[in-house]
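Novice: Just query10.cif, nothing more (mmCIF, C-alpha atoms):
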```cif
data_target
#
loop_
_atom_site.label_atom_id
_atom_site.label_comp_id
_atom_site.auth_asym_id
_atom_site.auth_seq_id
_atom_site.Cartn_x
_atom_site.Cartn_y
_atom_site.Cartn_z
CA MET A 1 -16.13 -5.71 24.04
CA LYS A 2 -14.22 -3.33 21.78
CA VAL A 3 -12.28 -4.75 18.84
CA PRO A 4 -10.63 -1.97 16.82
CA LEU A 5 -9.67 -2.61 13.22
CA LEU A 6 -6.08 -1.77 14.15
CA ASP A 7 -4.45 -1.10 17.51
CA LEU A 8 -0.89 0.17 17.31
CA LYS A 9 -0.65 1.15 20.98
CA GLY A 10 0.11 -2.39 22.10
CA GLN A 11 2.82 -2.70 19.46
CA TYR A 12 4.34 0.59 20.58
CA GLN A 13 4.64 -0.57 24.18
CA LYS A 14 6.80 -3.47 23.01
CA ILE A 15 9.28 -1.22 21.21
CA LYS A 16 8.88 2.00 23.20
CA SER A 17 12.27 1.96 24.98
CA ASP A 18 14.15 1.31 21.73
CA VAL A 19 12.22 4.01 19.89
CA LEU A 20 12.83 6.62 22.58
CA ARG A 21 16.53 5.78 22.70
CA ILE A 22 17.09 5.97 18.94
CA THR A 23 15.03 9.11 18.47
CA GLU A 24 16.95 10.83 21.27
CA ASP A 25 20.18 9.92 19.46
CA ILE A 26 18.84 11.46 16.26
CA TYR A 27 17.72 14.60 18.06
CA GLU A 28 21.21 14.96 19.48
CA SER A 29 22.84 14.41 16.09
CA GLN A 30 20.46 16.85 14.34
CA HIS A 31 20.86 14.72 11.18
CA PHE A 32 17.27 14.26 10.00
CA ILE A 33 17.34 13.66 6.23
CA LEU A 34 18.93 10.52 4.71
CA GLY A 35 22.21 9.65 6.43
CA PRO A 36 23.40 6.47 8.21
CA HIS A 37 20.00 5.37 9.54
CA VAL A 38 18.51 5.44 6.06
CA GLU A 39 21.54 3.68 4.56
CA SER A 40 21.36 0.97 7.20
CA LEU A 41 17.65 0.37 6.65
CA GLU A 42 18.18 0.20 2.88
CA LYS A 43 20.69 -2.61 3.33
CA GLN A 44 18.38 -4.46 5.71
CA ILE A 45 15.37 -4.20 3.41
CA ALA A 46 17.42 -5.28 0.39
CA ALA A 47 18.51 -8.37 2.33
CA TYR A 48 15.01 -9.07 3.64
CA CYS A 49 13.46 -8.78 0.17
CA HIS A 50 16.29 -10.74 -1.51
CA THR A 51 17.20 -7.85 -3.79
CA GLY A 52 20.59 -6.34 -4.40
CA PHE A 53 19.53 -2.76 -3.79
CA ALA A 54 16.95 -0.68 -1.93
CA VAL A 55 16.35 3.06 -1.92
CA GLY A 56 14.46 4.78 0.88
CA VAL A 57 11.83 7.26 -0.25
CA SER A 58 9.21 9.51 1.30
CA SER A 59 6.14 7.27 0.85
CA GLY A 60 4.79 4.20 -0.90
CA THR A 61 3.21 6.51 -3.46
CA ASP A 62 6.57 8.09 -4.18
CA ALA A 63 8.12 4.63 -4.49
CA LEU A 64 5.71 4.01 -7.38
CA LEU A 65 6.28 7.43 -8.89
CA ILE A 66 10.08 7.26 -8.78
CA SER A 67 10.01 3.73 -10.24
CA LEU A 68 8.04 4.91 -13.25
CA MET A 69 10.41 7.84 -13.65
CA ALA A 70 13.48 5.60 -13.42
CA LEU A 71 12.14 3.49 -16.28
CA GLY A 72 11.56 6.57 -18.42
CA ILE A 73 7.79 6.09 -18.54
CA GLY A 74 6.07 9.34 -19.44
CA PRO A 75 3.43 11.18 -21.47
CA GLY A 76 1.41 8.97 -23.78
CA ASP A 77 2.91 5.71 -22.56
CA ARG A 78 0.63 2.95 -21.32
CA VAL A 79 0.93 0.83 -18.20
CA ILE A 80 -1.31 -2.14 -17.44
CA THR A 81 -2.54 -2.38 -13.87
CA THR A 82 -5.52 -3.40 -11.76
CA PRO A 83 -8.67 -1.34 -11.20
CA TYR A 84 -9.02 -2.81 -7.69
CA THR A 85 -6.36 -1.26 -5.49
CA PHE A 86 -5.48 1.88 -3.55
CA PHE A 87 -5.59 5.00 -5.72
CA ALA A 88 -1.83 5.59 -5.67
CA THR A 89 -1.21 2.74 -8.11
CA ALA A 90 -3.04 4.26 -11.07
CA GLY A 91 -2.60 7.80 -9.76
CA SER A 92 1.19 7.52 -10.04
CA ILE A 93 0.89 6.30 -13.63
CA ALA A 94 -1.23 9.33 -14.46
CA ARG A 95 1.12 11.72 -12.64
CA VAL A 96 3.98 10.91 -15.02
CA GLY A 97 1.62 11.55 -17.94
CA ALA A 98 1.13 7.89 -18.80
CA ILE A 99 -2.22 6.16 -19.28
CA PRO A 100 -3.38 3.41 -16.92
CA VAL A 101 -4.77 0.43 -18.80
CA PHE A 102 -6.89 -1.74 -16.55
CA ALA A 103 -7.17 -5.53 -16.53
CA ASP A 104 -9.69 -7.26 -14.29
CA ILE A 105 -8.84 -9.26 -11.18
CA ASP A 106 -8.92 -12.88 -10.08
CA PRO A 107 -12.12 -13.26 -7.99
CA ASP A 108 -10.41 -15.42 -5.35
CA THR A 109 -7.23 -13.47 -4.64
CA TYR A 110 -8.35 -9.99 -5.81
CA THR A 111 -5.01 -9.59 -7.61
CA ILE A 112 -4.71 -8.82 -11.32
CA SER A 113 -5.50 -11.75 -13.61
CA PRO A 114 -2.72 -12.74 -16.03
CA ALA A 115 -5.32 -14.05 -18.48
CA ASN A 116 -7.01 -10.66 -18.46
CA ILE A 117 -3.67 -8.92 -18.99
CA ALA A 118 -3.16 -11.04 -22.10
CA SER A 119 -6.68 -10.25 -23.31
CA VAL A 120 -6.15 -6.53 -22.86
CA ILE A 121 -2.94 -6.63 -24.89
CA ASN A 122 -4.55 -8.71 -27.61
CA ILE A 123 -7.24 -6.13 -28.30
CA MET A 124 -4.79 -3.22 -28.49
CA ASN A 125 -4.08 -1.72 -31.87
CA ARG A 126 -0.54 -1.40 -33.16
CA ALA A 127 -0.04 2.17 -31.94
CA GLU A 128 -1.24 1.29 -28.43
CA LYS A 129 1.07 -1.72 -28.26
CA GLU A 130 4.00 0.45 -29.30
CA ARG A 131 3.29 2.79 -26.37
CA LEU A 132 2.79 -0.04 -23.88
CA LYS A 133 5.78 0.09 -21.51
CA ALA A 134 5.05 -1.83 -18.32
CA ILE A 135 2.82 -4.02 -16.18
CA LEU A 136 2.18 -2.88 -12.62
CA PRO A 137 0.68 -5.76 -10.60
CA VAL A 138 -0.41 -5.20 -7.00
CA HIS A 139 0.26 -7.75 -4.27
CA LEU A 140 -3.02 -7.09 -2.51
CA TYR A 141 -3.93 -7.63 1.16
CA GLY A 142 -0.60 -9.37 1.79
CA GLN A 143 -0.63 -11.95 -1.02
CA CYS A 144 1.46 -11.89 -4.19
CA ALA A 145 -0.11 -11.71 -7.61
CA ASP A 146 0.36 -14.67 -9.95
CA MET A 147 3.78 -13.51 -11.10
CA ASP A 148 5.15 -16.26 -13.39
CA PRO A 149 2.61 -15.74 -16.19
CA ILE A 150 2.82 -11.98 -15.69
CA LEU A 151 6.58 -12.10 -16.13
CA GLU A 152 6.17 -14.33 -19.19
CA ILE A 153 3.77 -11.85 -20.79
CA ALA A 154 6.14 -9.00 -19.97
CA ALA A 155 9.07 -10.83 -21.55
CA SER A 156 7.03 -11.59 -24.68
CA PHE A 157 6.22 -7.92 -25.24
CA ARG A 158 9.46 -6.49 -23.79
CA LEU A 159 7.65 -4.78 -20.95
CA HIS A 160 8.96 -3.69 -17.59
CA VAL A 161 7.35 -5.02 -14.41
CA ILE A 162 6.90 -2.83 -11.34
CA GLU A 163 5.60 -4.67 -8.28
CA ASP A 164 3.29 -2.65 -6.04
CA ALA A 165 4.15 -4.45 -2.81
CA ALA A 166 2.90 -1.73 -0.46
CA GLN A 167 0.80 -4.30 1.43
CA ALA A 168 3.10 -7.28 1.04
CA ILE A 169 6.54 -6.95 2.60
CA GLY A 170 7.76 -10.49 3.23
CA ALA A 171 5.04 -12.14 1.15
CA GLU A 172 6.30 -14.90 -1.13
CA TYR A 173 5.44 -16.39 -4.49
CA LYS A 174 6.96 -19.82 -5.15
CA GLY A 175 9.79 -19.05 -2.75
CA ARG A 176 10.51 -15.57 -4.09
CA ARG A 177 9.87 -12.46 -2.06
CA ALA A 178 7.61 -9.60 -3.04
CA GLY A 179 9.79 -6.95 -4.61
CA GLU A 180 12.44 -9.27 -6.07
CA MET A 181 10.57 -10.58 -9.11
CA GLY A 182 10.03 -7.50 -11.26
CA ASP A 183 12.39 -4.76 -12.38
CA LEU A 184 11.39 -2.73 -9.32
CA GLY A 185 9.44 -3.31 -6.12
CA CYS A 186 7.57 -0.60 -4.22
CA PHE A 187 6.88 -0.68 -0.48
CA SER A 188 4.98 1.55 1.92
CA PHE A 189 5.78 2.22 5.57
CA PHE A 190 2.45 3.94 6.24
CA PRO A 191 1.68 3.38 9.96
CA SER A 192 -1.09 0.83 9.31
CA LYS A 193 1.16 -1.46 7.27
CA ASN A 194 2.67 -4.65 8.72
CA LEU A 195 5.96 -2.74 8.82
CA GLY A 196 4.91 0.82 9.56
CA ALA A 197 6.72 4.02 10.40
CA PHE A 198 5.48 6.81 12.68
CA GLY A 199 4.49 8.78 9.58
CA ASP A 200 4.98 8.43 5.85
CA GLY A 201 7.85 6.48 4.33
CA GLY A 202 8.59 3.98 1.60
CA MET A 203 11.20 1.91 -0.18
CA THR A 204 11.99 0.92 -3.75
CA THR A 205 13.91 -2.29 -4.43
CA THR A 206 15.72 -3.49 -7.53
CA ARG A 207 18.29 -6.05 -8.66
CA GLU A 208 19.76 -3.75 -11.32
CA GLU A 209 22.58 -1.40 -10.34
CA SER A 210 21.77 1.04 -13.16
CA LEU A 211 18.22 1.45 -11.87
CA TYR A 212 19.54 1.81 -8.33
CA ARG A 213 21.78 4.68 -9.37
CA SER A 214 18.91 6.38 -11.19
CA LEU A 215 16.70 6.05 -8.12
CA ILE A 216 19.37 7.58 -5.88
CA MET A 217 19.56 10.62 -8.13
CA LEU A 218 15.82 10.94 -8.78
CA ARG A 219 14.90 11.00 -5.08
CA ASN A 220 17.11 14.07 -4.61
CA HIS A 221 16.05 16.27 -7.54
CA GLY A 222 18.24 14.34 -9.98
CA ALA A 223 21.43 15.71 -8.44
CA HIS A 224 24.81 13.95 -8.65
CA PRO A 225 26.99 15.34 -7.27
CA LYS A 226 25.24 17.96 -5.15
CA TYR A 227 23.93 20.93 -7.18
CA TYR A 228 24.68 19.17 -10.50
CA HIS A 229 21.48 17.85 -12.08
CA ASN A 230 21.63 15.25 -14.84
CA LEU A 231 17.96 14.37 -14.37
CA ILE A 232 14.81 16.13 -13.24
CA GLY A 233 13.80 14.28 -10.11
CA GLY A 234 11.94 15.30 -7.01
CA ASN A 235 12.12 15.52 -3.25
CA PHE A 236 11.47 11.86 -2.43
CA ARG A 237 13.94 11.52 0.45
CA LEU A 238 13.29 9.33 3.49
CA ASP A 239 14.01 10.96 6.82
CA ALA A 240 16.23 9.43 9.48
CA LEU A 241 13.58 9.24 12.20
CA GLN A 242 11.26 7.11 10.11
CA ALA A 243 14.11 4.88 8.91
CA ALA A 244 15.31 4.26 12.45
CA ILE A 245 11.81 3.36 13.68
CA VAL A 246 11.19 1.01 10.74
CA ALA A 247 14.55 -0.67 11.41
CA ILE A 248 13.49 -1.35 15.01
CA LYS A 249 10.19 -2.83 13.86
CA LEU A 250 11.88 -4.95 11.19
CA GLN A 251 13.40 -7.08 13.96
CA TYR A 252 9.89 -8.14 14.99
CA LEU A 253 8.31 -8.40 11.54
CA ASP A 254 8.50 -12.17 11.06
CA ALA A 255 7.03 -12.80 14.51
CA TRP A 256 4.23 -10.34 13.80
CA THR A 257 3.61 -12.06 10.45
CA ARG A 258 3.29 -15.43 12.18
CA SER A 259 0.76 -13.91 14.57
CA ARG A 260 -1.30 -12.57 11.67
CA GLN A 261 -1.17 -15.97 9.97
CA ASP A 262 -2.25 -17.64 13.22
CA HIS A 263 -5.16 -15.22 13.52
CA ALA A 264 -6.22 -16.01 9.95
CA ALA A 265 -6.20 -19.73 10.78
CA THR A 266 -8.19 -19.03 13.94
CA TYR A 267 -10.80 -17.10 11.99
CA ALA A 268 -11.13 -20.01 9.56
CA ARG A 269 -11.67 -22.44 12.43
CA LEU A 270 -14.15 -20.19 14.22
CA PHE A 271 -16.19 -19.45 11.09
CA SER A 272 -16.34 -23.16 10.32
CA GLN A 273 -17.43 -24.01 13.86
CA ALA A 274 -20.09 -21.31 13.63
CA SER A 275 -21.42 -22.90 10.40
CA LEU A 276 -20.91 -19.64 8.52
CA LEU A 277 -18.92 -20.90 5.55
CA ASN A 278 -22.09 -21.06 3.47
CA ARG A 279 -22.59 -17.35 4.14
CA ILE A 280 -19.04 -16.01 4.10
CA HIS A 281 -16.22 -16.45 1.61
CA LEU A 282 -12.91 -16.51 3.49
CA PRO A 283 -9.54 -15.34 2.09
CA VAL A 284 -7.95 -17.79 -0.34
CA GLU A 285 -4.29 -18.55 0.36
CA ARG A 286 -3.01 -19.33 -3.10
CA GLU A 287 0.64 -18.53 -2.40
CA ASN A 288 2.96 -20.01 0.18
CA ARG A 289 3.45 -16.90 2.34
CA HIS A 290 0.41 -14.68 2.73
CA ILE A 291 1.27 -12.01 5.33
CA TYR A 292 -2.30 -10.79 5.98
CA ASN A 293 -1.91 -7.05 5.83
CA GLN A 294 -5.70 -7.27 5.79
CA TYR A 295 -8.09 -10.13 6.52
CA VAL A 296 -10.85 -9.66 3.94
CA ILE A 297 -14.05 -11.68 3.90
CA ARG A 298 -16.65 -11.68 1.14
CA VAL A 299 -20.41 -11.61 1.68
CA PRO A 300 -23.39 -10.95 -0.62
CA ALA A 301 -23.60 -7.34 -1.72
CA ASP A 302 -27.01 -6.99 -0.08
CA ASP A 303 -25.45 -7.93 3.27
CA ARG A 304 -22.12 -6.11 3.25
CA ASP A 305 -23.07 -2.58 4.34
CA ALA A 306 -25.67 -3.79 6.82
CA LEU A 307 -23.12 -6.17 8.34
CA ARG A 308 -20.62 -3.36 8.64
CA VAL A 309 -23.11 -1.15 10.48
CA PHE A 310 -24.06 -4.07 12.73
CA LEU A 311 -20.41 -4.69 13.63
CA GLN A 312 -19.78 -1.00 14.15
CA ASP A 313 -22.70 -0.90 16.60
CA SER A 314 -21.01 -3.84 18.34
CA GLU A 315 -17.78 -1.78 18.64
CA ILE A 316 -15.97 -3.93 16.08
CA GLY A 317 -13.81 -2.05 13.59
CA THR A 318 -14.04 -2.89 9.88
CA GLU A 319 -13.07 -1.29 6.59
CA VAL A 320 -14.08 -1.51 2.96
CA TYR A 321 -11.08 -1.80 0.61
CA TYR A 322 -12.07 -0.41 -1.93
CA PRO A 323 -15.63 0.86 -2.43
CA VAL A 324 -15.14 2.43 -5.89
CA PRO A 325 -12.91 0.67 -8.44
CA LEU A 326 -10.44 2.96 -10.15
CA HIS A 327 -12.05 2.78 -13.59
CA LEU A 328 -15.20 4.35 -12.09
CA GLN A 329 -13.42 7.19 -10.28
CA LYS A 330 -14.33 10.64 -11.62
CA CYS A 331 -10.72 11.61 -12.22
CA PHE A 332 -10.41 8.78 -14.76
CA ALA A 333 -13.56 9.68 -16.68
CA SER A 334 -11.40 10.53 -19.69
CA LEU A 335 -10.66 6.80 -20.06
CA HIS A 336 -14.35 6.32 -20.92
CA HIS A 337 -14.96 3.25 -18.81
CA LYS A 338 -18.45 2.32 -17.70
CA PRO A 339 -19.99 0.03 -15.05
CA SER A 340 -19.59 -3.65 -15.96
CA ASP A 341 -16.30 -3.10 -17.82
CA PHE A 342 -14.44 -4.93 -15.04
CA PRO A 343 -17.08 -7.07 -13.33
CA GLU A 344 -14.82 -8.90 -10.89
CA ALA A 345 -13.35 -5.67 -9.53
CA GLU A 346 -16.83 -4.19 -9.22
CA ALA A 347 -18.15 -7.29 -7.43
CA ALA A 348 -15.23 -7.21 -4.97
CA ALA A 349 -15.89 -3.53 -4.27
CA MET A 350 -19.49 -4.33 -3.32
CA GLN A 351 -18.94 -7.57 -1.39
CA THR A 352 -15.72 -7.39 0.63
CA LEU A 353 -15.15 -6.38 4.23
CA ALA A 354 -11.90 -6.29 6.22
CA LEU A 355 -11.88 -7.62 9.80
CA PRO A 356 -9.29 -6.99 12.55
CA VAL A 357 -6.13 -9.11 12.16
CA TYR A 358 -3.27 -7.21 13.88
CA PRO A 359 -0.69 -9.24 15.86
CA GLU A 360 -1.93 -8.14 19.28
CA LEU A 361 -5.50 -9.37 18.62
CA GLU A 362 -6.73 -11.68 21.39
CA LEU A 363 -8.59 -14.96 20.92
CA GLU A 364 -11.53 -13.61 22.90
CA GLN A 365 -11.76 -10.68 20.50
CA GLN A 366 -11.81 -12.98 17.47
CA GLU A 367 -14.46 -15.14 19.11
CA TYR A 368 -16.55 -12.02 19.71
CA VAL A 369 -16.19 -10.91 16.06
CA VAL A 370 -17.37 -14.29 14.78
CA LYS A 371 -20.18 -14.46 17.34
CA ARG A 372 -21.54 -11.09 16.28
CA ILE A 373 -21.38 -12.06 12.60
CA LYS A 374 -23.31 -15.21 13.45
CA ASP A 375 -25.84 -13.10 15.36
CA PHE A 376 -26.23 -10.90 12.28
CA TYR A 377 -27.01 -13.87 10.06
CA ARG A 378 -29.59 -15.27 12.44
CA HIS A 379 -31.85 -12.47 11.21
CA ARG A 380 -31.07 -12.65 7.47
#
```
Could you take the file, read its structure, and then write that structure out as structure tokens?
Specialist:
Amino acid sequence: MKVPLLDLKGQYQKIKSDVLRITEDIYESQHFILGPHVESLEKQIAAYCHTGFAVGVSSGTDALLISLMALGIGPGDRVITTPYTFFATAGSIARVGAIPVFADIDPDTYTISPANIASVINIMNRAEKERLKAILPVHLYGQCADMDPILEIAASFRLHVIEDAAQAIGAEYKGRRAGEMGDLGCFSFFPSKNLGAFGDGGMTTTREESLYRSLIMLRNHGAHPKYYHNLIGGNFRLDALQAAIVAIKLQYLDAWTRSRQDHAATYARLFSQASLLNRIHLPVERENRHIYNQYVIRVPADDRDALRVFLQDSEIGTEVYYPVPLHLQKCFASLHHKPSDFPEAEAAAMQTLALPVYPELELEQQEYVVKRIKDFYRHR
């Protein structure tokens, strides 16, 4: 039996007629950049995320980049973030000339630890604290970071908060949606996301009209009106085709989320029935709406790579998110970090493995995944 890590073909069949109709309309209009489809999606995402405003951009990475630019974060400034995330988080900080300051993660949720944020700030000298401008937590794998203490820390030090919600559209923390809690929220429509386009795309949300107006200008080279540039921005525009496709998928998002949550519950039941809970650490649902962009298990480091090869040989797709924490990436060597600086992030990088969890996954496929993992542990 084949169980791919992600299978978007089944999803496409469900929406195919709507996609073909709307793309044909766009082809006929020849209006490909921004326009009514983008404006409509922005309103829908703002409503879905419980924010006043949303600005469509060219990718999740550019959502982060434009957010930093809108807040005036630049050379020499410092931004606290997690070392255990996709590269774009810290990479965007570096691209505006700022310095990423890492704080270790919570070992259960893999999101940045508020206690570690506080510790990092406490050991800063006066000059470093003066250049500290923001906290950039990541809502990882579909679950929100522990936002209340993060927001309290930010308020205490007058810091901005940018939510990296690329993997968490619709996730909630104490009844609040990802993207509505900080100054800005950043979303990705990369095809593998729960709400994915047919290419790159992203969205930035905010509750502040002044930030919204800055974002609108920054995504189009800082122009307002056309050819008059008050700011130096970039080409971060979302195209109409991607916006229209995302809008179609948005109608199904909550149903797809329920399917992912059901699959997570099924995995928990199957792993328990297989007596594997002493071998495998399952995802911890700390918040009240985990949307399971990924279903990530944790196994001993000595088992992880061998298990992945075993499952690959069984035609089961897996992925390692993320094998090298950001503080150990060569491009950040100038920060002078060394192994063991962030032990929880390093342990997660060596011990975690993502299993298939897409909405179209069948019960028989999940049973096969768990059976093969049990077969692997019979010989360990």
Novice: Run through the PyMOL selection byres ((chain A and resi 50-58) around 6) on the given coordinates and return the selected residues as a list in words.
Specialist: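 Those residues are Glu42, Ala46, Ala47, Tyr48, Cys49, Ser59, Glu180, Gly201, Gly202, Met203, Thr204, Thr205, Thr206, Arg207, Phe236, Arg237 and Leu238 of chain A.
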Novice: Record the distance separating CA of Gly234 (chain A) and CA of Ala166 (chain A), expressed in Å with one decimal.
Specialist: 20.4 Å
Novice: Could you jot down the CA of Phe32 (chain A) to CA of Ala240 (chain A) separation for me, Å, one decimal place?
Specialist: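 Atom-to-atom, CA of Phe32 (chain A) to CA of Ala240 (chain A), that is 5.0 Å.
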Novice: Check the smallest atom-to-atom distance from each of A:Glu346, A:Pro356, A:Arg304, A:Pro283 to Arg380 (chain A) using all atoms listed in the file, then report the winner.
Specialist: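 Nearest to Arg380 (chain A): A:Arg304.
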Novice: Quick one: of A:Ile135, A:Leu68, A:Val369, A:Ala171, who's nearest to Asp313 (chain A), counting all atoms listed in the file?
Specialist: A:Val369
Novice: Evaluate the PyMOL selection byres ((chain A and resi 294) around 7) against this structure - the residues, as a VMD selection string, please.
Specialist: chain A and resid 141 to 142 292 to 293 295 to 296 354 357
Novice: For the PyMOL selection byres ((chain A and resi 343) around 12), applied here, can you spell out every residue it catches as a CSV table (one decimal) with C-alpha atoms, in the coordinates of the input?
Specialist:
```csv
chain,number,residue,atom,x,y,z
A,83,PRO,CA,-8.7,-1.3,-11.2
A,84,TYR,CA,-9.0,-2.8,-7.7
A,102,PHE,CA,-6.9,-1.7,-16.6
A,103,ALA,CA,-7.2,-5.5,-16.5
A,104,ASP,CA,-9.7,-7.3,-14.3
A,105,ILE,CA,-8.8,-9.3,-11.2
A,106,ASP,CA,-8.9,-12.9,-10.1
A,107,PRO,CA,-12.1,-13.3,-8.0
A,110,TYR,CA,-8.4,-10.0,-5.8
A,116,ASN,CA,-7.0,-10.7,-18.5
A,325,PRO,CA,-12.9,0.7,-8.4
A,327,HIS,CA,-12.0,2.8,-13.6
A,328,LEU,CA,-15.2,4.4,-12.1
A,337,HIS,CA,-15.0,3.2,-18.8
A,338,LYS,CA,-18.4,2.3,-17.7
A,339,PRO,CA,-20.0,0.0,-15.0
A,340,SER,CA,-19.6,-3.6,-16.0
A,341,ASP,CA,-16.3,-3.1,-17.8
A,342,PHE,CA,-14.4,-4.9,-15.0
A,344,GLU,CA,-14.8,-8.9,-10.9
A,345,ALA,CA,-13.4,-5.7,-9.5
A,346,GLU,CA,-16.8,-4.2,-9.2
A,347,ALA,CA,-18.2,-7.3,-7.4
A,348,ALA,CA,-15.2,-7.2,-5.0
A,349,ALA,CA,-15.9,-3.5,-4.3
A,350,MET,CA,-19.5,-4.3,-3.3
```
Novice: Set out as CSV a contact list for region 286-360 of chain A and region 85-90 of chain A with a cut-off of 8 Å, giving each residue of region 286-360 of chain A that qualifies its closest atom pair and distance in Å to one decimal, counting all atoms listed in the file, ordered by chain and rising residue number.
Specialist:
```
residue,atom,partner,partner_atom,distance
A:Tyr321,CA,A:Thr85,CA,7.7
A:Tyr322,CA,A:Thr85,CA,6.8
A:Pro325,CA,A:Thr85,CA,7.4
A:Leu326,CA,A:Phe87,CA,6.9
```
Novice: Please identify all polymer residues within 8 Å of Pro359 (chain A), counting all atoms listed in the file, omitting same-chain residues fewer than 2 positions from it, and present them as an mmCIF file with C-alpha atoms, in the coordinates of the input.
Specialist:
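Saved result, selection_22.cif, follows:
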```cif
data_model
loop_
_atom_site.group_PDB
_atom_site.id
_atom_site.type_symbol
_atom_site.label_atom_id
_atom_site.label_comp_id
_atom_site.auth_asym_id
_atom_site.auth_seq_id
_atom_site.Cartn_x
_atom_site.Cartn_y
_atom_site.Cartn_z
ATOM 1 C CA TRP A 256 4.230 -10.340 13.800
ATOM 2 C CA THR A 257 3.610 -12.060 10.450
ATOM 3 C CA SER A 259 0.760 -13.910 14.570
ATOM 4 C CA ARG A 260 -1.300 -12.570 11.670
ATOM 5 C CA HIS A 263 -5.160 -15.220 13.520
ATOM 6 C CA VAL A 357 -6.130 -9.110 12.160
ATOM 7 C CA LEU A 361 -5.500 -9.370 18.620
#
```
Novice: Here is a test: counting all atoms listed in the file, which residue of A:Lys330, A:Arg219, A:His290, A:Lys2 is nearest to Leu140 (chain A)?
Specialist: A:His290
Novice: Which residues are close to region 69-75 of chain A, i.e. within 10 Å by only C-alpha atoms, leaving aside same-chain residues fewer than 5 positions away? Reply as a ChimeraX atom specification.
Specialist: /A:63-64,92-99,131-134,160-162,183-184,210-218,231-233
Novice: Between A:Tyr12, A:Tyr27, A:Phe376, A:Phe332, which is the closest to Arg279 (chain A) once you count only C-alpha atoms?
Specialist: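 Looking at the shortest contact to Arg279 (chain A), the residue is A:Phe376.
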Novice: Fewer than 5 positions away in the same chain doesn't count, so skip those; otherwise give me all residues within 8 Å of region 173-179 of chain A, counting only C-alpha atoms, as a PyMOL selection string.
Specialist: chain A and resi 49-51+139+144-147+163-165+168+184-186+205-206+287-289
Novice: Find the distance between CA of Glu172 (chain A) and CA of Glu285 (chain A) and write it in Å to one decimal.
Specialist: 11.3 Å
Novice: Can you work out which one of A:Val309, A:Glu360, A:Val320, A:Phe157 has the shortest atom-to-atom distance to Glu130 (chain A), counting only C-alpha atoms?
Specialist: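 Nearest to Glu130 (chain A): A:Phe157.
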Novice: Only C-alpha atoms needed: put region 110-121 of chain A from the block into a file as a short mmCIF file (atom, residue, chain, number, x, y, z; two decimals), in the first residue's frame.
Specialist:
```
data_model
loop_
_atom_site.label_atom_id
_atom_site.label_comp_id
_atom_site.auth_asym_id
_atom_site.auth_seq_id
_atom_site.Cartn_x
_atom_site.Cartn_y
_atom_site.Cartn_z
CA TYR A 110 8.01 22.74 19.71
CA THR A 111 6.99 26.42 19.85
CA ILE A 112 9.14 29.13 21.41
CA SER A 113 9.21 29.09 25.21
CA PRO A 114 8.10 32.33 26.91
CA ALA A 115 10.35 31.53 29.88
CA ASN A 116 13.32 31.27 27.54
CA ILE A 117 12.38 34.56 25.88
CA ALA A 118 12.48 36.22 29.29
CA SER A 119 15.84 34.60 30.06
CA VAL A 120 17.32 35.81 26.79
CA ILE A 121 16.23 39.38 27.48
#
```
